[in-house]
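Enquirer: Got work11.csv for you, CSV, C-alpha atoms:
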```
chain,number,residue,atom,x,y,z
A,1,MET,CA,-64.9,5.9,11.2
A,2,SER,CA,-62.4,8.7,11.5
A,3,ASP,CA,-58.7,8.3,11.3
A,4,ARG,CA,-58.5,8.9,15.1
A,5,GLU,CA,-61.1,6.2,15.6
A,6,ILE,CA,-59.1,3.7,13.5
A,7,ASP,CA,-56.1,4.4,15.7
A,8,ARG,CA,-58.2,4.1,18.9
A,9,GLN,CA,-59.4,0.6,17.8
A,10,LEU,CA,-55.9,-0.5,16.9
A,11,VAL,CA,-54.6,0.8,20.3
A,12,ALA,CA,-57.4,-1.0,22.1
A,13,ARG,CA,-56.4,-4.2,20.5
A,14,ALA,CA,-52.7,-3.6,21.2
A,15,GLN,CA,-53.6,-2.9,24.8
A,16,GLY,CA,-55.3,-6.2,24.9
A,17,GLY,CA,-52.1,-7.9,23.9
A,18,ASP,CA,-52.3,-8.0,20.1
A,19,LYS,CA,-48.8,-7.0,19.0
A,20,ARG,CA,-50.0,-7.1,15.3
A,21,ALA,CA,-52.3,-4.2,16.0
A,22,PHE,CA,-49.4,-2.2,17.3
A,23,GLU,CA,-47.4,-3.2,14.2
A,24,LEU,CA,-50.1,-1.7,12.1
A,25,LEU,CA,-49.7,1.6,13.9
A,26,VAL,CA,-45.9,1.4,13.5
A,27,GLU,CA,-46.3,0.8,9.8
A,28,LYS,CA,-48.7,3.7,9.5
A,29,TYR,CA,-46.6,6.3,11.4
A,30,GLN,CA,-43.0,5.3,11.3
A,31,ARG,CA,-42.1,7.5,8.3
A,32,LYS,CA,-44.1,10.4,9.5
A,33,LEU,CA,-42.4,10.3,13.0
A,34,ALA,CA,-39.0,9.8,11.5
A,35,ARG,CA,-39.5,12.8,9.3
A,36,LEU,CA,-40.5,14.9,12.3
A,37,LEU,CA,-37.5,13.8,14.3
A,38,SER,CA,-35.2,14.5,11.3
A,39,ARG,CA,-35.8,18.2,12.1
A,40,PHE,CA,-33.9,17.9,15.3
A,41,ILE,CA,-31.4,15.1,14.5
A,42,ARG,CA,-29.3,15.3,11.3
A,43,ASP,CA,-27.8,11.9,11.0
A,44,PRO,CA,-30.3,9.5,9.3
A,45,ALA,CA,-29.0,6.5,11.2
A,46,GLU,CA,-29.5,8.3,14.5
A,47,VAL,CA,-33.0,9.3,13.4
A,48,GLU,CA,-33.8,5.7,12.7
A,49,ASP,CA,-32.5,4.7,16.1
A,50,VAL,CA,-34.4,7.4,18.0
A,51,THR,CA,-37.6,6.6,16.0
A,52,GLN,CA,-37.3,3.0,16.9
A,53,GLU,CA,-36.6,3.8,20.6
A,54,ALA,CA,-39.7,6.1,20.6
A,55,PHE,CA,-41.9,3.3,19.3
A,56,ILE,CA,-40.5,0.9,21.9
A,57,LYS,CA,-41.2,3.4,24.6
A,58,ALA,CA,-44.7,3.9,23.3
A,59,TYR,CA,-45.3,0.2,23.3
A,60,ARG,CA,-44.2,-0.1,26.9
A,61,ALA,CA,-46.3,2.9,27.9
A,62,LEU,CA,-49.3,1.8,26.0
A,63,PRO,CA,-51.2,0.4,29.0
A,64,ALA,CA,-51.2,3.9,30.5
A,65,PHE,CA,-52.5,5.5,27.3
A,66,ARG,CA,-56.1,6.5,28.0
A,67,GLY,CA,-57.0,8.0,24.7
A,68,ASP,CA,-57.4,11.5,25.9
A,69,SER,CA,-55.5,12.7,22.9
A,70,ALA,CA,-55.0,11.2,19.5
A,71,PHE,CA,-52.6,8.4,19.3
A,72,TYR,CA,-50.2,10.3,17.0
A,73,THR,CA,-50.3,13.3,19.3
A,74,TRP,CA,-49.2,11.0,22.2
A,75,LEU,CA,-46.6,9.3,20.0
A,76,TYR,CA,-45.3,12.7,18.8
A,77,ARG,CA,-44.6,13.7,22.4
A,78,ILE,CA,-42.8,10.5,23.1
A,79,GLY,CA,-40.8,11.0,20.0
A,80,ILE,CA,-39.8,14.5,20.9
A,81,ASN,CA,-38.9,13.6,24.5
A,82,THR,CA,-36.8,10.6,23.2
A,83,ALA,CA,-35.0,12.9,20.8
A,84,LYS,CA,-34.3,15.5,23.5
A,85,ASN,CA,-33.0,12.9,25.9
A,86,TYR,CA,-30.8,11.5,23.1
A,87,LEU,CA,-29.4,14.8,22.1
A,88,MET,CA,-28.7,15.7,25.8
A,89,ALA,CA,-27.0,12.4,26.4
A,90,MET,CA,-24.8,13.0,23.3
A,91,GLY,CA,-23.9,16.5,24.6
A,92,ARG,CA,-25.7,18.2,21.8
A,93,ARG,CA,-28.3,21.0,21.9
A,94,ALA,CA,-31.9,19.7,22.4
A,95,PRO,CA,-34.7,21.5,20.8
A,96,THR,CA,-36.2,24.2,22.9
A,97,SER,CA,-39.8,24.2,24.0
A,98,THR,CA,-40.5,27.1,21.6
A,99,GLU,CA,-39.2,25.1,18.7
A,100,ILE,CA,-41.2,22.1,19.7
A,101,GLU,CA,-44.4,24.1,20.3
A,102,ALA,CA,-44.0,25.6,16.9
A,103,GLU,CA,-44.8,22.2,15.5
A,104,ASP,CA,-48.4,21.2,16.2
A,105,ALA,CA,-48.7,17.5,16.3
A,106,GLU,CA,-52.2,17.4,14.9
A,107,GLY,CA,-51.4,19.8,12.1
A,108,PHE,CA,-47.9,18.7,11.3
A,109,GLU,CA,-47.4,18.0,7.6
A,110,GLU,CA,-44.2,17.0,6.0
A,111,GLY,CA,-43.0,19.8,4.0
A,112,GLU,CA,-40.6,19.9,1.1
A,113,GLN,CA,-38.0,21.5,3.3
A,114,LEU,CA,-37.6,18.4,5.3
A,115,ARG,CA,-34.5,16.5,4.9
A,116,ASP,CA,-34.4,13.0,3.3
A,117,ILE,CA,-34.1,10.5,6.2
A,118,ASN,CA,-33.0,7.6,4.0
A,119,THR,CA,-29.8,5.8,4.9
A,120,PRO,CA,-27.3,5.5,2.1
A,121,GLU,CA,-28.1,1.8,1.7
A,122,SER,CA,-31.7,2.6,0.9
A,123,VAL,CA,-31.3,5.7,-1.2
A,124,LEU,CA,-31.4,3.8,-4.5
A,125,LEU,CA,-34.5,1.8,-3.5
A,126,SER,CA,-36.2,4.9,-2.1
A,127,LYS,CA,-35.5,6.8,-5.3
A,128,GLU,CA,-36.9,4.0,-7.4
A,129,ILE,CA,-40.0,3.9,-5.2
A,130,ALA,CA,-40.6,7.6,-5.6
A,131,GLU,CA,-40.0,7.5,-9.3
A,132,THR,CA,-42.3,4.5,-9.8
A,133,VAL,CA,-45.1,6.1,-7.8
A,134,ASN,CA,-44.8,9.3,-9.7
A,135,ALA,CA,-44.5,7.6,-13.1
A,136,THR,CA,-47.5,5.4,-12.4
A,137,ILE,CA,-49.6,8.3,-11.2
A,138,GLU,CA,-48.8,10.2,-14.4
A,139,SER,CA,-49.8,7.1,-16.5
A,140,LEU,CA,-53.2,6.7,-14.7
A,141,PRO,CA,-56.4,7.7,-16.4
A,142,GLU,CA,-57.4,11.3,-15.4
A,143,GLU,CA,-60.3,10.2,-13.1
A,144,LEU,CA,-58.1,7.8,-11.1
A,145,ARG,CA,-55.3,10.2,-10.8
A,146,ARG,CA,-57.5,13.0,-9.5
A,147,ALA,CA,-59.3,10.7,-7.1
A,148,ILE,CA,-56.2,9.4,-5.4
A,149,GLN,CA,-54.6,12.8,-5.3
A,150,MET,CA,-57.6,14.4,-3.7
A,151,ARG,CA,-57.7,11.7,-1.1
A,152,GLU,CA,-53.9,11.3,-0.3
A,153,ILE,CA,-52.7,14.8,-0.9
A,154,GLU,CA,-55.7,17.0,-0.1
A,155,GLY,CA,-57.1,14.6,2.6
A,156,MET,CA,-60.6,14.9,1.2
A,157,SER,CA,-63.4,12.5,2.2
A,158,TYR,CA,-65.0,10.2,-0.3
A,159,GLU,CA,-68.2,12.4,0.0
A,160,ASP,CA,-66.2,15.6,-0.8
A,161,ILE,CA,-64.4,13.9,-3.7
A,162,ALA,CA,-67.7,12.6,-5.1
A,163,GLN,CA,-69.1,16.2,-5.1
A,164,ALA,CA,-65.9,17.6,-6.7
A,165,MET,CA,-65.9,14.9,-9.4
A,166,ASP,CA,-69.7,14.9,-9.7
A,167,CYS,CA,-70.0,11.1,-9.4
A,168,PRO,CA,-71.4,8.6,-6.8
A,169,ILE,CA,-69.4,7.7,-3.7
A,170,GLY,CA,-69.1,4.2,-4.9
A,171,THR,CA,-67.3,5.4,-8.0
A,172,VAL,CA,-64.9,7.3,-5.9
A,173,ARG,CA,-64.3,4.3,-3.7
A,174,SER,CA,-63.5,2.2,-6.8
A,175,ARG,CA,-61.3,4.8,-8.4
A,176,ILE,CA,-59.1,5.2,-5.4
A,177,PHE,CA,-58.8,1.5,-4.9
A,178,ARG,CA,-57.9,1.0,-8.6
A,179,ALA,CA,-55.4,3.8,-8.4
A,180,ARG,CA,-53.7,2.2,-5.3
A,181,GLU,CA,-53.6,-1.2,-6.9
A,182,ALA,CA,-52.1,0.1,-10.1
A,183,ILE,CA,-49.3,1.8,-8.2
A,184,ALA,CA,-48.9,-1.2,-5.9
A,185,GLU,CA,-48.6,-3.5,-8.8
A,186,GLN,CA,-45.6,-1.5,-10.1
A,187,LEU,CA,-44.1,-1.3,-6.6
A,188,ARG,CA,-44.2,-5.0,-5.8
A,189,PRO,CA,-41.2,-6.0,-7.9
A,190,LEU,CA,-39.2,-3.3,-6.2
A,191,LEU,CA,-40.4,-4.3,-2.7
A,192,GLY,CA,-39.9,-8.0,-3.2
A,193,THR,CA,-43.5,-8.8,-2.6
A,194,SER,CA,-45.7,-11.1,-4.5
A,195,LYS,CA,-49.1,-10.4,-6.1
A,196,GLU,CA,-49.9,-14.1,-5.7
A,197,ARG,CA,-50.8,-13.7,-2.1
A,198,ARG,CA,-54.3,-14.5,-1.0
A,199,TRP,CA,-55.2,-10.8,-0.8
B,1,MET,CA,-60.6,-7.7,0.9
B,2,LYS,CA,-58.1,-5.3,-0.7
B,3,ASP,CA,-60.8,-2.8,-1.5
B,4,ARG,CA,-62.0,-3.0,2.1
B,5,ILE,CA,-58.6,-2.3,3.4
B,6,SER,CA,-58.4,0.7,1.0
B,7,GLU,CA,-61.7,2.0,2.4
B,8,PHE,CA,-60.8,1.3,6.0
B,9,MET,CA,-57.6,3.2,5.9
B,10,ASP,CA,-59.5,6.2,4.4
B,11,GLY,CA,-61.9,6.1,7.4
B,12,GLU,CA,-64.8,5.1,5.2
B,13,LEU,CA,-65.8,1.9,7.0
B,14,ASP,CA,-67.7,1.7,10.2
B,15,GLY,CA,-68.9,-0.8,12.8
B,16,GLU,CA,-68.7,-4.5,11.9
B,17,ALA,CA,-67.2,-4.0,8.5
B,18,ALA,CA,-64.3,-2.1,10.1
B,19,GLY,CA,-63.9,-4.7,12.8
B,20,GLN,CA,-63.7,-7.4,10.1
B,21,VAL,CA,-60.9,-5.6,8.4
B,22,ILE,CA,-59.0,-5.1,11.6
B,23,ASP,CA,-59.4,-8.8,12.3
B,24,ALA,CA,-58.0,-9.6,8.9
B,25,LEU,CA,-55.1,-7.1,9.3
B,26,THR,CA,-54.0,-8.6,12.6
B,27,ARG,CA,-54.3,-12.2,11.5
B,28,ASP,CA,-53.1,-12.3,8.0
B,29,ALA,CA,-49.6,-11.2,6.8
B,30,GLY,CA,-50.9,-10.7,3.3
B,31,ALA,CA,-53.4,-8.2,4.5
B,32,ARG,CA,-50.8,-6.4,6.5
B,33,GLU,CA,-48.6,-6.2,3.4
B,34,ILE,CA,-51.4,-4.5,1.5
B,35,TRP,CA,-51.8,-2.0,4.5
B,36,ARG,CA,-48.1,-1.4,4.4
B,37,ILE,CA,-47.9,-0.8,0.6
B,38,TYR,CA,-51.0,1.5,0.6
B,39,HIS,CA,-49.5,3.6,3.4
B,40,LEU,CA,-46.2,3.8,1.6
B,41,ILE,CA,-48.0,5.0,-1.5
B,42,GLY,CA,-49.7,7.7,0.5
B,43,ASP,CA,-46.5,8.8,2.2
B,44,ALA,CA,-44.7,8.9,-1.2
B,45,LEU,CA,-47.5,11.0,-2.7
B,46,ARG,CA,-47.6,13.5,0.2
B,47,ASP,CA,-43.8,13.8,0.1
B,48,ASN,CA,-44.2,15.2,-3.4
B,49,GLY,CA,-41.5,13.1,-4.9
B,50,VAL,CA,-39.1,13.0,-2.0
B,51,PRO,CA,-37.8,9.5,-1.6
B,52,THR,CA,-39.5,7.5,1.1
B,53,ALA,CA,-37.8,4.6,2.9
B,54,TRP,CA,-39.3,1.2,2.7
B,55,GLU,CA,-38.5,-0.2,6.2
B,56,PRO,CA,-41.2,-2.7,6.9
B,57,ALA,CA,-41.9,-2.8,10.7
B,58,LEU,CA,-38.3,-2.6,11.8
B,59,MET,CA,-39.5,-0.7,14.8
B,60,VAL,CA,-41.9,-3.2,16.2
B,61,PRO,CA,-40.8,-4.3,19.7
B,62,GLY,CA,-39.5,-7.8,19.5
B,63,ARG,CA,-38.1,-7.3,16.1
B,64,ALA,CA,-35.9,-4.5,17.3
B,65,GLN,CA,-32.2,-4.8,16.8
B,66,SER,CA,-30.5,-6.3,19.8
B,67,GLN,CA,-27.9,-3.6,19.9
B,68,PRO,CA,-28.5,0.1,18.9
B,69,ARG,CA,-26.3,1.4,16.2
B,70,ARG,CA,-24.6,3.9,18.5
B,71,ALA,CA,-23.7,1.1,20.9
B,72,ARG,CA,-22.0,-0.7,18.1
B,73,TYR,CA,-20.1,2.4,17.2
B,74,ALA,CA,-19.1,2.8,20.8
B,75,ALA,CA,-17.9,-0.8,20.9
B,76,LEU,CA,-15.9,-0.2,17.7
B,77,ALA,CA,-14.4,3.0,19.1
B,78,ALA,CA,-13.4,1.3,22.3
B,79,SER,CA,-11.8,-1.6,20.4
B,80,LEU,CA,-9.8,0.9,18.3
B,81,ALA,CA,-8.7,2.8,21.4
B,82,ALA,CA,-7.6,-0.4,23.0
B,83,VAL,CA,-5.5,-1.4,20.0
B,84,ALA,CA,-4.0,2.1,19.8
B,85,LEU,CA,-3.1,1.9,23.5
B,86,VAL,CA,-1.4,-1.5,23.2
B,87,GLY,CA,0.4,-0.3,20.1
B,88,TRP,CA,1.6,2.8,21.8
B,89,LEU,CA,2.8,0.9,24.8
B,90,ALA,CA,4.7,-1.5,22.6
B,91,LEU,CA,6.2,0.9,20.2
B,92,ALA,CA,6.7,4.1,22.1
B,93,PRO,CA,10.4,4.9,23.1
B,94,GLN,CA,11.1,4.2,26.8
B,95,GLU,CA,12.2,7.8,27.6
B,96,THR,CA,10.8,7.7,31.1
B,97,ALA,CA,13.1,4.9,32.0
B,98,VAL,CA,16.3,6.6,30.8
B,99,ALA,CA,15.7,10.2,32.0
B,100,PRO,CA,16.0,9.7,35.7
B,101,VAL,CA,19.2,7.8,35.2
B,102,ALA,CA,20.7,10.6,33.1
B,103,GLN,CA,20.0,13.0,35.9
B,104,GLN,CA,22.0,10.9,38.2
B,105,GLN,CA,25.1,11.2,36.1
B,106,PRO,CA,27.9,13.3,37.7
B,107,PRO,CA,28.4,16.7,36.0
B,108,ALA,CA,31.9,15.7,34.8
B,109,GLN,CA,30.4,13.1,32.6
B,110,GLN,CA,27.9,15.3,30.9
B,111,GLN,CA,28.8,16.1,27.3
B,112,PRO,CA,28.3,19.3,25.3
B,113,PRO,CA,24.8,19.6,23.7
B,114,ALA,CA,26.1,18.9,20.2
B,115,ALA,CA,27.9,15.8,21.3
B,116,ALA,CA,25.0,14.7,23.5
B,117,ALA,CA,22.8,14.7,20.4
B,118,LYS,CA,25.0,12.1,18.8
B,119,ALA,CA,25.7,10.1,22.0
B,120,SER,CA,24.9,6.5,22.1
B,121,PRO,CA,22.4,5.2,24.7
B,122,LEU,CA,23.5,5.3,28.3
B,123,ARG,CA,25.1,2.2,29.7
B,124,ILE,CA,24.1,1.7,33.2
B,125,PRO,CA,26.5,-0.2,35.4
B,126,LEU,CA,24.6,-2.8,37.3
B,127,PRO,CA,25.7,-4.8,40.3
B,128,SER,CA,27.1,-8.2,39.5
B,129,GLY,CA,24.4,-10.8,39.6
B,130,THR,CA,21.7,-8.5,38.4
B,131,ASN,CA,21.3,-10.2,35.1
B,132,ASP,CA,20.9,-13.5,36.6
B,133,TYR,CA,18.4,-12.1,39.0
B,134,LEU,CA,16.4,-10.5,36.3
B,135,LEU,CA,16.4,-13.5,34.0
B,136,ALA,CA,15.4,-15.8,36.8
B,137,HIS,CA,12.6,-13.6,38.0
B,138,GLN,CA,11.3,-12.0,34.9
B,139,GLN,CA,8.5,-14.5,34.3
B,140,PHE,CA,7.3,-14.0,37.9
B,141,SER,CA,7.4,-10.2,37.8
B,142,PRO,CA,4.0,-8.5,38.3
B,143,ARG,CA,5.0,-6.1,35.5
B,144,VAL,CA,4.4,-8.3,32.6
B,145,SER,CA,3.3,-5.6,30.3
B,146,LEU,CA,5.3,-4.7,27.3
B,147,GLN,CA,6.4,-1.5,28.9
B,148,GLY,CA,7.8,-3.2,31.9
B,149,MET,CA,9.6,-5.9,30.0
B,150,ALA,CA,11.3,-3.9,27.3
B,151,PRO,CA,13.9,-2.2,29.5
B,152,TYR,CA,14.9,-5.5,31.0
B,153,VAL,CA,15.4,-7.1,27.6
B,154,ARG,CA,17.5,-4.2,26.4
B,155,THR,CA,19.6,-4.0,29.5
B,156,VAL,CA,20.4,-7.7,29.5
B,157,SER,CA,21.3,-7.6,25.8
B,158,GLU,CA,23.6,-4.7,26.4
B,159,GLN,CA,25.3,-6.5,29.3
B,160,VAL,CA,25.9,-9.6,27.3
B,161,GLN,CA,27.7,-7.6,24.6
B,162,GLU,CA,29.7,-5.8,27.2
B,163,SER,CA,30.9,-9.1,28.7
B,164,ARG,CA,32.0,-10.3,25.3
B,165,LYS,CA,34.2,-7.3,24.9
```
Written as C-alpha cells, how would this file's structure read?

Expert:
Amino acid sequence: MSDREIDRQLVARAQGGDKRAFELLVEKYQRKLARLLSRFIRDPAEVEDVTQEAFIKAYRALPAFRGDSAFYTWLYRIGINTAKNYLMAMGRRAPTSTEIEAEDAEGFEEGEQLRDINTPESVLLSKEIAETVNATIESLPEELRRAIQMREIEGMSYEDIAQAMDCPIGTVRSRIFRAREAIAEQLRPLLGTSKERRW
Amino acid sequence: MKDRISEFMDGELDGEAAGQVIDALTRDAGAREIWRIYHLIGDALRDNGVPTAWEPALMVPGRAQSQPRRARYAALAASLAAVALVGWLALAPQETAVAPVAQQQPPAQQQPPAAAAKASPLRIPLPSGTNDYLLAHQQFSPRVSLQGMAPYVRTVSEQVQESRK
C-alpha cells in the first residue's frame, strides 16, 4: 500500500465521519505544512494559526474531496490559499503564483534553508527532541542506523533497502522497527508519554 | 501492534492487515501515540537536526482554540487604545475650552507676548446664578464625560475663591 493509498483510506474514513482518521492525517502532515507556510509567513505564531485554519478548512471541505489528487497536494493548495488570504487581509504581500508554482506539492521537501517554525515556548523542548533523536541515532548499531536512515531520509522501500543491505525484507522490517522504538524510548520522557501503555 | 504500525506507515502493509491497523489507530489512543511519535521521529530525521515542534493534534477541528491568536492580539490592542483614550480625555489640558474665550477679549485687555506667557488663567465673568444653575444641573447634563465636567469644576472653584475675596 503506497503512502497515497494510506491517505486515501484515512480520508475515506474521515469522510464517513471518523474524526480520529482525520486526526491521524493532521498528525502526519501538520509539521510539513507548517514548514511550507513558513516560507511565506515569518511569524511562527502566525504560521501556527494559518496552519490550523488550513486544516479546519480542509476538514470542512473534505466531503467535496474526490481523491483526484493526492491528499497532501489538495491540503497544500488549501494551505497556500489560506496563507494568501491571511496576508492580504493583513495588508501584506501575498506570494505570487510564480513563487507558488515554484514549489511542487508532490516533490516538496523541507530543506535546510527553511526557518525554524517553533514558538519561543517550545524551542527548548524542540531542541531536546532533535538532540535526543540525533544522539540515539548515533548510538544505534550500524545496521539499525542505516536501515532507518534509508527509509526516513532516502525514502527507500523495504525491498530496496533489503537489496542495499543484502538481507531479507523481514530483517529490514525488524531493523527499522527496532530503530524507531529505540528512539521513541528516549523521547518518551521528553514528551510526557508512558511506555506502560497497551501498545 | 507497534511493529504493524511501523510497517503500515512505511506503506508495507496491504489489504486486511492495513485495515486492522487503521482500526486500531482510530480506536486506541495508545496506538495513535505510537503513530504520532514515529512520524515525529521521521520529521526530525528529515529536518537534519533542525528542531521539530511537538504539537500533538492541536489543529484537529473541535480541539481548535476558541479564539485565534491574532484576535486575542486585536482585543488587547483595542483595550490599550481604550485606556489611552480615556487617559487622554482625563489628563489632557482643556485648551479648546479656553481659546474661543480668549479670542473674545477686547484688544485693550491683551497683554504683550512676554507677559501673556506668564499670565494666570483667564477669569471669565459669568452671569449671577450661573454657579447655582451648573451645580444643580450638572448631574443631569448629557455631557457626563470627563472632558465635559472638568471645565465646570474649575469654573465653579474659581468663582468660589472670587466670592471670598

Enquirer: State, in Å with one decimal place, the distance from atom CA of A:Glu128 to atom CA of A:Tyr72.

Expert: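 Answer for the atom CA of A:Glu128 to atom CA of A:Tyr72 separation: 28.5 Å.
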
Enquirer: Choose the residue, out of B:Ile37, B:Ala29, B:Ile5, B:Val21, that has the smallest atom-to-atom separation from A:Arg188; count all atoms listed in the file.

Expert: B:Ile37

Enquirer: Calculate how many Å separate atom CA of B:Asp43 from atom CA of A:Glu185, rounding to one decimal.

Expert: 16.6 Å

Enquirer: Could you check which of B:Thr26, B:Ser6, B:Gln20, B:Ser128 is closest to A:Ala184, using all atoms listed in the file?

Expert: B:Ser6

Enquirer: Distance limit 6 Å, atoms considered: all atoms listed in the file. Which chain A residues sit that close to chain B? Return them as an MDAnalysis selection string.

Expert: chainID A and resid 1:3 20:21 23 27 52 56 118 126:127 130 152:153 177 199

Enquirer: Figure out the distance between atom CA of A:Phe40 and atom CA of A:Lys28, please, to one decimal in Å.

Expert: 21.3 Å

Enquirer: If we count all atoms listed in the file and set the cut-off at 12 Å, which residues sit around A:Ser139, ignoring sequence neighbours fewer than 4 positions away in its own chain? Please answer as a list of chain:residue names.

Expert: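 Returned residues: A:Thr132, A:Val133, A:Asn134, A:Ala135, A:Glu143, A:Leu144, A:Arg145, A:Arg146, A:Ala179, A:Ala182, A:Ile183, A:Gln186.
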
Enquirer: Taking C-alpha atoms for each residue, export the selection above as a PDB file, in the coordinates of the input.

Expert:
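Once written, selection26.pdb looks like this:
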```pdb
ATOM      1  CA  THR A 132     -42.300   4.500  -9.800  1.00  0.00           C
ATOM      2  CA  VAL A 133     -45.100   6.100  -7.800  1.00  0.00           C
ATOM      3  CA  ASN A 134     -44.800   9.300  -9.700  1.00  0.00           C
ATOM      4  CA  ALA A 135     -44.500   7.600 -13.100  1.00  0.00           C
ATOM      5  CA  GLU A 143     -60.300  10.200 -13.100  1.00  0.00           C
ATOM      6  CA  LEU A 144     -58.100   7.800 -11.100  1.00  0.00           C
ATOM      7  CA  ARG A 145     -55.300  10.200 -10.800  1.00  0.00           C
ATOM      8  CA  ARG A 146     -57.500  13.000  -9.500  1.00  0.00           C
ATOM      9  CA  ALA A 179     -55.400   3.800  -8.400  1.00  0.00           C
ATOM     10  CA  ALA A 182     -52.100   0.100 -10.100  1.00  0.00           C
ATOM     11  CA  ILE A 183     -49.300   1.800  -8.200  1.00  0.00           C
ATOM     12  CA  GLN A 186     -45.600  -1.500 -10.100  1.00  0.00           C
TER      13      GLN A 186
END
```

Enquirer: So which residues touch A:Phe65 within 10 Å, counting only C-alpha atoms, skipping near sequence neighbours fewer than 3 positions away, as a PyMOL selection string?

Expert: chain A and resi 11-12+15+58-59+61-62+68-71+74

Enquirer: At a cut-off of 7 Å from (-36.1, 11.1, 10.6) in the coordinates of the file, what residues are picked up using all atoms listed in the file, written as a list of chain:residue names?

Expert: A:Leu33, A:Ala34, A:Arg35, A:Leu36, A:Leu37, A:Ser38, A:Pro44, A:Val47, A:Glu48, A:Ile117
